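Chemist: Contents of final.cif (mmCIF, C-alpha atoms) are given next:
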data_final
#
loop_
_atom_site.label_atom_id
_atom_site.label_comp_id
_atom_site.auth_asym_id
_atom_site.auth_seq_id
_atom_site.Cartn_x
_atom_site.Cartn_y
_atom_site.Cartn_z
CA MET A 77 -14.68 12.24 4.39
CA ILE A 78 -11.20 12.69 3.07
CA LEU A 79 -11.23 16.44 2.70
CA ALA A 80 -12.80 16.92 6.10
CA PHE A 81 -10.31 14.71 7.82
CA VAL A 82 -7.91 17.19 9.28
CA PRO A 83 -7.96 20.96 9.27
CA TRP A 84 -4.64 22.53 8.35
CA LEU A 85 -3.13 25.81 9.25
CA VAL A 86 -1.33 26.68 6.08
CA ASP A 87 1.19 29.44 6.02
CA ALA A 88 0.96 31.06 2.61
CA ASN A 89 4.72 31.42 2.39
CA ASN A 90 5.73 28.12 3.86
CA ARG A 91 3.21 25.38 3.38
CA ALA A 92 3.52 22.79 6.12
CA ARG A 93 3.06 19.68 4.03
CA PRO A 94 2.07 16.87 6.30
CA ASP A 95 3.24 13.33 6.10
CA TRP A 96 0.64 10.68 6.29
CA THR A 97 2.03 7.52 7.79
CA GLY A 98 0.10 4.31 7.44
CA ILE A 99 0.54 1.17 9.44
CA GLU A 100 0.94 -2.14 7.64
CA ALA A 101 -1.18 -3.43 6.05
CA ARG A 102 -4.74 -2.15 6.43
CA GLY A 103 -3.39 1.33 7.06
CA PHE A 104 -2.03 1.11 3.52
CA ILE A 105 -5.58 0.90 2.20
CA PHE A 106 -6.69 4.26 3.62
CA GLY A 107 -3.49 6.25 4.05
CA PRO A 108 -2.41 6.70 0.43
CA PRO A 109 -5.71 8.03 -0.94
CA ILE A 110 -5.81 10.52 1.91
CA ALA A 111 -2.20 11.56 1.36
CA LEU A 112 -2.88 12.07 -2.33
CA ALA A 113 -5.99 14.11 -1.62
CA ILE A 114 -4.26 16.47 0.78
CA GLY A 115 -0.94 16.77 -1.03
CA ALA A 116 1.10 14.86 1.52
CA LYS A 117 3.80 12.24 1.34
CA PHE A 118 2.89 8.71 2.33
CA VAL A 119 5.23 6.81 4.66
CA PRO A 120 4.56 3.12 5.28
CA LEU A 121 5.30 1.74 8.74
CA ARG A 122 6.03 -1.95 8.48
CA LYS A 123 6.72 -5.16 10.31
CA PRO A 124 10.40 -6.10 10.53
CA GLY A 125 12.24 -7.21 7.45
CA LYS A 126 9.94 -5.64 4.89
CA LEU A 127 11.51 -2.24 4.32
CA PRO A 128 14.64 -2.60 2.20
CA GLY A 129 16.59 0.46 3.29
CA GLU A 130 18.03 1.58 6.57
CA VAL A 131 15.35 1.62 9.25
CA ILE A 132 14.63 2.57 12.82
CA SER A 133 12.64 0.11 14.91
CA GLU A 134 10.21 0.47 17.77
CA ASP A 135 9.25 -2.51 19.89
CA TYR A 136 5.85 -2.61 21.46
CA VAL A 137 3.90 -4.91 23.74
CA LEU A 138 1.01 -7.05 22.61
CA GLU A 139 -1.48 -8.85 24.80
CA TYR A 140 0.80 -11.87 24.53
CA GLY A 141 4.38 -11.09 23.60
CA LYS A 142 5.77 -8.21 21.61
CA ASP A 143 5.96 -6.90 18.10
CA CYS A 144 8.01 -4.34 16.25
CA LEU A 145 7.30 -1.52 13.83
CA GLN A 146 9.87 -0.02 11.44
CA MET A 147 10.25 3.14 9.38
CA HIS A 148 12.78 4.10 6.75
CA ILE A 149 15.45 6.50 7.90
CA GLY A 150 15.18 9.69 5.86
CA ALA A 151 11.49 9.33 5.02
CA VAL A 152 10.53 11.98 7.55
CA GLN A 153 12.38 15.18 8.37
CA PRO A 154 12.52 16.95 11.73
CA GLU A 155 9.55 19.21 12.37
CA GLU A 156 7.44 17.74 9.62
CA ARG A 157 3.80 17.59 10.66
CA ALA A 158 2.61 14.00 10.59
CA LEU A 159 -0.62 12.10 10.80
CA VAL A 160 -0.84 8.42 11.63
CA VAL A 161 -3.59 6.35 10.07
CA ASP A 162 -4.77 2.82 10.66
CA ASP A 163 -8.04 1.06 9.96
CA LEU A 164 -8.81 0.45 13.62
CA ILE A 165 -7.62 1.42 17.10
CA ALA A 166 -7.97 -1.19 19.80
CA THR A 167 -5.49 -0.98 22.69
CA GLY A 168 -3.50 1.75 20.98
CA GLY A 169 -0.21 -0.12 21.19
CA THR A 170 0.50 -0.02 17.47
CA LEU A 171 -0.41 3.63 17.13
CA CYS A 172 1.74 4.50 20.12
CA ALA A 173 4.69 2.70 18.51
CA ALA A 174 4.06 4.60 15.30
CA MET A 175 4.01 7.92 17.14
CA ASN A 176 7.27 7.03 18.88
CA LEU A 177 8.95 6.31 15.55
CA LEU A 178 7.93 9.67 14.17
CA GLU A 179 8.90 11.60 17.28
CA ARG A 180 12.28 9.89 17.42
CA VAL A 181 13.15 11.54 14.11
CA GLY A 182 11.84 14.90 15.29
CA ALA A 183 8.50 14.95 13.51
CA GLU A 184 5.43 16.46 15.13
CA VAL A 185 2.53 14.03 15.36
CA VAL A 186 -0.52 16.18 14.80
CA GLU A 187 -3.21 13.53 15.12
CA CYS A 188 -3.99 9.84 14.80
CA ALA A 189 -6.85 8.85 12.55
CA CYS A 190 -8.72 5.57 12.31
CA VAL A 191 -11.85 4.40 10.60
CA ILE A 192 -12.99 2.39 13.63
CA GLU A 193 -12.44 2.74 17.37
CA LEU A 194 -13.09 0.07 19.97
CA PRO A 195 -13.59 2.53 22.82
CA ASP A 196 -13.95 -0.15 25.50
CA LEU A 197 -10.25 -0.93 25.05
CA LYS A 198 -9.32 2.66 25.88
CA GLY A 199 -6.68 2.95 23.19
CA ARG A 200 -7.29 6.68 23.10
CA GLU A 201 -5.52 6.95 26.46
CA ARG A 202 -2.29 5.52 25.07
CA LEU A 203 -1.72 8.23 22.54
CA LYS A 204 0.43 10.43 24.79
CA GLY A 205 -2.16 13.16 24.79
CA LYS A 206 -2.37 13.41 21.01
CA PRO A 207 -5.81 13.75 19.50
CA LEU A 208 -7.56 10.81 17.86
CA TYR A 209 -10.07 11.17 15.04
CA VAL A 210 -12.34 8.23 14.24
CA LEU A 211 -15.26 7.78 11.93
CA VAL A 212 -17.17 5.00 13.69
CA GLU A 213 -17.19 3.37 17.12
CA SER A 214 -17.76 -0.30 17.75
CA HIS A 215 -18.66 -1.63 21.19
CA MET B 124 2.72 -3.58 -22.91
CA GLY B 125 4.58 -0.82 -21.19
CA ALA B 126 3.51 2.77 -20.83
CA ALA B 127 6.84 3.81 -22.28
CA GLU B 128 5.70 2.40 -25.58
CA ASN B 129 2.90 4.94 -25.68
CA GLY B 130 5.21 7.60 -27.07
CA GLY B 131 6.80 8.21 -23.69
CA ASP B 132 4.40 10.06 -21.42
CA PRO B 133 6.48 12.84 -19.83
CA ARG B 134 5.37 11.83 -16.36
CA LEU B 135 7.15 8.48 -16.56
CA LYS B 136 10.69 9.73 -16.18
CA ALA B 137 10.03 11.30 -12.80
CA ILE B 138 8.23 8.16 -11.68
CA SER B 139 11.15 5.98 -12.69
CA ASP B 140 13.66 8.34 -11.12
CA ALA B 141 11.73 8.35 -7.86
CA ILE B 142 12.06 4.58 -7.42
CA ARG B 143 15.29 3.59 -5.74
CA VAL B 144 17.12 0.32 -6.11
CA VAL B 145 18.40 -1.36 -2.96
CA PRO B 146 21.01 -3.97 -3.91
CA HIS B 147 21.04 -7.41 -2.35
CA PHE B 148 17.66 -7.18 -0.64
CA PRO B 149 16.17 -9.42 0.63
CA LYS B 150 19.14 -11.54 -0.33
CA PRO B 151 22.37 -11.30 -2.35
CA GLY B 152 21.91 -10.88 -6.08
CA ILE B 153 18.49 -9.26 -5.96
CA MET B 154 18.24 -5.60 -7.00
CA PHE B 155 15.15 -4.59 -5.03
CA HIS B 156 13.02 -1.83 -6.51
CA ASP B 157 11.83 0.24 -3.57
CA ILE B 158 8.67 2.22 -4.30
CA THR B 159 8.64 3.91 -0.87
CA THR B 160 10.75 6.72 -2.31
CA LEU B 161 8.10 7.24 -5.00
CA LEU B 162 5.54 7.73 -2.24
CA LEU B 163 7.59 10.61 -0.84
CA ASP B 164 7.25 12.48 -4.14
CA HIS B 165 3.66 13.63 -4.10
CA LYS B 166 3.52 14.63 -7.76
CA ALA B 167 5.16 11.43 -8.99
CA PHE B 168 2.92 9.32 -6.75
CA LYS B 169 -0.16 11.16 -7.98
CA ASP B 170 0.98 10.77 -11.59
CA THR B 171 1.44 7.04 -11.02
CA VAL B 172 -2.15 6.67 -9.88
CA ASP B 173 -3.41 9.01 -12.61
CA LEU B 174 -1.73 6.95 -15.35
CA PHE B 175 -3.54 3.83 -14.22
CA VAL B 176 -6.84 5.67 -13.75
CA GLU B 177 -6.59 7.18 -17.23
CA ARG B 178 -6.02 3.75 -18.69
CA TYR B 179 -8.81 1.91 -16.91
CA ARG B 180 -11.57 4.45 -16.28
CA ASP B 181 -13.52 3.69 -19.46
CA MET B 182 -13.01 -0.06 -19.54
CA GLY B 183 -15.99 -1.02 -17.40
CA ILE B 184 -13.81 -2.30 -14.57
CA SER B 185 -15.80 -2.96 -11.41
CA ILE B 186 -13.01 -4.53 -9.31
CA VAL B 187 -9.45 -3.57 -8.55
CA ALA B 188 -7.74 -6.47 -6.79
CA GLY B 189 -4.56 -5.53 -4.94
CA ILE B 190 -1.87 -7.94 -3.77
CA GLU B 191 -0.65 -7.59 -0.19
CA ALA B 192 0.94 -5.44 0.88
CA ARG B 193 2.44 -3.05 -1.66
CA GLY B 194 -0.50 -3.57 -4.00
CA PHE B 195 -2.59 -2.00 -1.25
CA ILE B 196 -0.66 1.23 -1.62
CA PHE B 197 -1.73 1.78 -5.23
CA GLY B 198 -4.91 -0.25 -5.68
CA PRO B 199 -7.41 1.67 -3.53
CA SER B 200 -6.56 5.02 -5.10
CA ILE B 201 -7.02 3.53 -8.55
CA ALA B 202 -10.30 1.92 -7.50
CA LEU B 203 -11.56 5.22 -6.12
CA GLY B 204 -10.46 6.99 -9.30
CA ILE B 205 -12.34 4.67 -11.64
CA GLY B 206 -15.39 3.97 -9.48
CA ALA B 207 -14.53 0.35 -8.73
CA LYS B 208 -14.53 -1.81 -5.63
CA PHE B 209 -11.21 -2.69 -4.01
CA VAL B 210 -10.56 -6.31 -3.11
CA PRO B 211 -7.46 -7.14 -1.06
CA LEU B 212 -5.65 -10.39 -1.86
CA ARG B 213 -3.78 -11.47 1.23
CA LYS B 214 -1.32 -13.87 2.79
CA PRO B 215 -2.86 -16.72 4.77
CA GLY B 216 -4.66 -16.01 7.98
CA LYS B 217 -5.24 -12.30 7.48
CA LEU B 218 -8.73 -12.17 6.00
CA PRO B 219 -11.29 -12.83 8.72
CA GLY B 220 -14.21 -14.15 6.68
CA LYS B 221 -14.70 -17.22 4.55
CA ILE B 222 -11.90 -17.41 2.00
CA ILE B 223 -10.61 -19.28 -1.00
CA SER B 224 -6.91 -19.98 -1.19
CA GLU B 225 -4.55 -20.44 -4.11
CA PRO B 226 -1.02 -21.79 -3.77
CA TYR B 227 1.87 -20.46 -5.80
CA GLU B 228 5.53 -21.30 -6.11
CA LEU B 229 8.36 -19.40 -4.54
CA GLU B 230 11.97 -19.97 -5.39
CA TYR B 231 12.07 -22.36 -2.46
CA GLY B 232 8.73 -23.75 -1.40
CA THR B 233 5.23 -22.44 -1.85
CA ASP B 234 3.02 -19.69 -0.46
CA GLN B 235 -0.72 -19.01 -0.57
CA LEU B 236 -2.84 -16.09 -1.65
CA GLU B 237 -6.36 -15.68 -0.26
CA MET B 238 -9.53 -13.78 -1.17
CA HIS B 239 -12.84 -13.38 0.61
CA VAL B 240 -15.71 -15.46 -0.72
CA GLY B 241 -18.37 -13.09 -1.99
CA ALA B 242 -16.07 -10.18 -2.74
CA VAL B 243 -16.27 -10.87 -6.45
CA GLN B 244 -19.31 -11.83 -8.53
CA PRO B 245 -19.31 -13.85 -11.75
CA GLY B 246 -18.74 -11.75 -14.82
CA GLU B 247 -17.19 -8.79 -13.04
CA ARG B 248 -14.39 -7.13 -15.00
CA THR B 249 -11.25 -6.99 -12.89
CA ILE B 250 -7.74 -5.64 -12.91
CA ILE B 251 -5.00 -6.86 -10.58
CA ILE B 252 -2.48 -4.43 -9.12
CA ASP B 253 0.93 -4.97 -7.56
CA ASP B 254 3.93 -2.70 -7.24
CA LEU B 255 6.24 -4.94 -9.23
CA VAL B 256 6.14 -8.08 -11.34
CA ALA B 257 9.14 -10.41 -11.44
CA THR B 258 8.35 -14.01 -12.32
CA GLY B 259 4.61 -13.46 -12.37
CA GLY B 260 3.96 -16.21 -9.82
CA THR B 261 1.94 -14.04 -7.45
CA LEU B 262 -0.04 -12.40 -10.24
CA SER B 263 -0.83 -15.81 -11.69
CA ALA B 264 -2.19 -16.98 -8.33
CA ALA B 265 -4.28 -13.81 -8.19
CA ILE B 266 -5.69 -14.51 -11.67
CA ARG B 267 -6.61 -18.03 -10.61
CA LEU B 268 -8.38 -16.77 -7.47
CA LEU B 269 -10.50 -14.33 -9.44
CA GLU B 270 -11.30 -16.83 -12.19
CA ARG B 271 -12.44 -19.38 -9.64
CA PHE B 272 -15.37 -17.03 -9.06
CA GLN B 273 -15.81 -16.45 -12.80
CA ALA B 274 -14.58 -12.89 -12.72
CA GLU B 275 -13.05 -11.67 -15.96
CA VAL B 276 -9.45 -10.58 -15.47
CA VAL B 277 -8.99 -7.80 -18.01
CA GLU B 278 -5.36 -6.96 -17.26
CA CYS B 279 -2.58 -7.12 -14.70
CA ALA B 280 -0.96 -3.79 -13.86
CA CYS B 281 2.27 -3.00 -12.07
CA VAL B 282 4.32 0.10 -11.49
CA VAL B 283 7.59 -1.72 -12.29
CA GLY B 284 8.22 -4.69 -14.53
CA SER B 285 9.47 -5.94 -17.83
CA PRO B 286 6.68 -5.88 -20.38
CA VAL B 287 7.70 -9.38 -21.24
CA VAL B 288 7.87 -11.26 -17.98
CA GLN B 289 11.04 -13.28 -17.74
CA GLY B 290 11.28 -16.74 -16.33
CA GLU B 291 8.16 -18.76 -15.80
CA CYS B 292 5.61 -16.44 -17.28
CA GLU B 293 2.30 -17.87 -16.18
CA LEU B 294 0.01 -14.94 -16.67
CA LYS B 295 -2.40 -17.18 -18.61
CA GLU B 296 -2.09 -14.93 -21.64
CA LYS B 297 -3.60 -12.03 -19.74
CA PRO B 298 -2.17 -8.71 -20.78
CA LEU B 299 0.36 -7.08 -18.49
CA PHE B 300 0.69 -3.31 -18.26
CA VAL B 301 3.69 -1.73 -16.56
CA LEU B 302 4.60 1.93 -16.17
CA VAL B 303 8.38 1.66 -15.94
CA GLU B 304 10.95 -1.01 -16.57
CA PRO B 305 13.41 -2.18 -13.93
CA HIS B 306 16.53 -0.07 -13.54
CA HIS B 307 19.69 -1.61 -14.85
#
Would you mind writing the file out in structure tokens?

Modeler:
Amino acid sequence: MILAFVPWLVDANNRARPDWTGIEARGFIFGPPIALAIGAKFVPLRKPGKLPGEVISEDYVLEYGKDCLQMHIGAVQPEERALVVDDLIATGGTLCAAMNLLERVGAEVVECACVIELPDLKGRERLKGKPLYVLVESH
Amino acid sequence: MGAAENGGDPRLKAISDAIRVVPHFPKPGIMFHDITTLLLDHKAFKDTVDLFVERYRDMGISIVAGIEARGFIFGPSIALGIGAKFVPLRKPGKLPGKIISEPYELEYGTDQLEMHVGAVQPGERTIIIDDLVATGGTLSAAIRLLERFQAEVVECACVVGSPVVQGECELKEKPLFVLVEPHH
């Protein structure tokens, strides 16, 4: 599963090492092993107040109210190729916030990856045209 | 014991160097050891996991229990590396199934750690993973959770910590293994 996750175009002279960002907290369960297997950095995206260094924040809307996702400044460089992983995609709000964080620092979001998709909630449509890779669907 | 006592594995220096200290987080006086910078160094992150896997792979461990949330960053990779199950230990209200709960003391007040009923069977050999150990309060709650289902806690393991836990050391005489000591 891990090695088949995402195909890379690797330039022999200039390897494009991807970042693998994982969304707190269940994204932390899957993201790091994948990052380790593909030679990527792992960047945790967290709820407010958890990351100790300087952060950027992205607010997003929940069914009732709002939430916020944060990323350390300096974790990701412009033009780095990034993947976003979470255990599950429902409405896509969290993944969209994660993508926004990465794009705000100039990274290129290559794909979002989740173990489970709830397709009836149409989260796939909130990913700004970026591809979504899932292992299982649940209706 | 600390890994540094094992004749100083050459991988440890880079691991220690990759961890940054953020002063006065989350409050004044605390020198917070931030492992997120370690995660940006692929080799050092891989070496961190490898050091734990090398230690535990032949000890018959069937469960790696990881403490939310930074224990989730290291635990699953270690579990996968040694052929064990991964069991998340979480703050209240996060685990959806039937749970048991164990309170533990904070500096001011108490918190709870929870585990799914049925995740652990009696007699299973277990290690507990967190990024850092300070007073040992959270690890002690984790030990109590696992022992309530008659699992055998073989060792607690952290990336950062003093080999001798300061303050109220309540690790119930379980061994503690750390890779690097806190920066001074």

Chemist: May I ask you to extract the residues of chain B within 10 Å of chain A, using all atoms listed in the file, and to give them as a ChimeraX atom specification?

Modeler: /B:143-149,155-157,159-166,168-169,172,189,191-201,203-204,209,211,213,217

Chemist: So that I can see what lies close to Gly284 in chain B, please list as a PyMOL selection string the residues with an atom at most 10 Å from it, counting all atoms listed in the file and leaving out residues fewer than 5 positions away in the same chain.

Modeler: chain B and resi 125+156+254-259+289+299-306

Chemist: Write the selection just made, keeping C-alpha atoms, as a PDB file, in the frame of the given file?

Modeler:
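Written output follows (again_16.pdb):
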ATOM      1  CA  GLY B 125       4.580  -0.820 -21.190  1.00  0.00           C
ATOM      2  CA  HIS B 156      13.020  -1.830  -6.510  1.00  0.00           C
ATOM      3  CA  ASP B 254       3.930  -2.700  -7.240  1.00  0.00           C
ATOM      4  CA  LEU B 255       6.240  -4.940  -9.230  1.00  0.00           C
ATOM      5  CA  VAL B 256       6.140  -8.080 -11.340  1.00  0.00           C
ATOM      6  CA  ALA B 257       9.140 -10.410 -11.440  1.00  0.00           C
ATOM      7  CA  THR B 258       8.350 -14.010 -12.320  1.00  0.00           C
ATOM      8  CA  GLY B 259       4.610 -13.460 -12.370  1.00  0.00           C
ATOM      9  CA  GLN B 289      11.040 -13.280 -17.740  1.00  0.00           C
ATOM     10  CA  LEU B 299       0.360  -7.080 -18.490  1.00  0.00           C
ATOM     11  CA  PHE B 300       0.690  -3.310 -18.260  1.00  0.00           C
ATOM     12  CA  VAL B 301       3.690  -1.730 -16.560  1.00  0.00           C
ATOM     13  CA  LEU B 302       4.600   1.930 -16.170  1.00  0.00           C
ATOM     14  CA  VAL B 303       8.380   1.660 -15.940  1.00  0.00           C
ATOM     15  CA  GLU B 304      10.950  -1.010 -16.570  1.00  0.00           C
ATOM     16  CA  PRO B 305      13.410  -2.180 -13.930  1.00  0.00           C
ATOM     17  CA  HIS B 306      16.530  -0.070 -13.540  1.00  0.00           C
TER      18      HIS B 306
END

Chemist: Mind telling me what the PyMOL selection byres ((chain B and resi 179-186) around 7) catches here, as number ranges by chain?

Modeler: B: 175-178, 187-188, 205, 207-210, 247-250

Chemist: Selected residues, C-alpha atoms, written as a tab-separated table (two decimals), keeping the file's coordinate frame, please.

Modeler:
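Result file is result.tsv:
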chain	number	residue	atom	x	y	z
B	175	PHE	CA	-3.54	3.83	-14.22
B	176	VAL	CA	-6.84	5.67	-13.75
B	177	GLU	CA	-6.59	7.18	-17.23
B	178	ARG	CA	-6.02	3.75	-18.69
B	187	VAL	CA	-9.45	-3.57	-8.55
B	188	ALA	CA	-7.74	-6.47	-6.79
B	205	ILE	CA	-12.34	4.67	-11.64
B	207	ALA	CA	-14.53	0.35	-8.73
B	208	LYS	CA	-14.53	-1.81	-5.63
B	209	PHE	CA	-11.21	-2.69	-4.01
B	210	VAL	CA	-10.56	-6.31	-3.11
B	247	GLU	CA	-17.19	-8.79	-13.04
B	248	ARG	CA	-14.39	-7.13	-15.00
B	249	THR	CA	-11.25	-6.99	-12.89
B	250	ILE	CA	-7.74	-5.64	-12.91

Chemist: Counting only C-alpha atoms, which residue out of B:Pro226, B:Gly232, B:Pro298, B:Gly241 sits closest to Arg267 in chain B?

Modeler: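 For Arg267 in chain B, the nearest of the given residues is B:Pro226.
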
Chemist: May I ask for the distance between CA of Ser133 in chain A and CA of Glu201 in chain A, given in Å to one decimal place?

Modeler: 22.6 Å

Chemist: For CA of Asp132 in chain B and CA of Leu294 in chain B, quote the distance in Å rounded to one decimal.

Modeler: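 Between these atoms lies a distance of 25.8 Å.
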
Chemist: May I have the residues within 12 Å of Cys188 in chain A as a ChimeraX atom specification, using all atoms listed in the file and disregarding those fewer than 4 positions away in the same chain?

Modeler: /A:81-82,95-99,103,107,157-165,168,170-175,178,184,192-193,199-200,202-211

Chemist: What is the CA of Gly141 in chain A to CA of Asn176 in chain A distance in Å?

Modeler: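 Value for the CA of Gly141 in chain A-CA of Asn176 in chain A distance: 18.9 Å.
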
Chemist: Using all atoms listed in the file, can you tell me which of B:Ile223, B:Leu174, B:Ala167, B:Leu218 comes closest to Phe272 in chain B?

Modeler: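 Ranking B:Ile223, B:Leu174, B:Ala167, B:Leu218 by distance to Phe272 in chain B, first place goes to B:Ile223.
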
Chemist: Name the residues captured by the PyMOL selection byres ((chain A and resi 183) around 6) when it is applied to the shown file; answer as a VMD selection string.

Modeler: chain A and resid 154 to 156 178 to 179 181 to 182 184

Chemist: Of the residues B:Ile142, B:Ile190, B:Met238, B:Ile266, which is the one nearest to Ser224 in chain B, using all atoms listed in the file?

Modeler: B:Met238
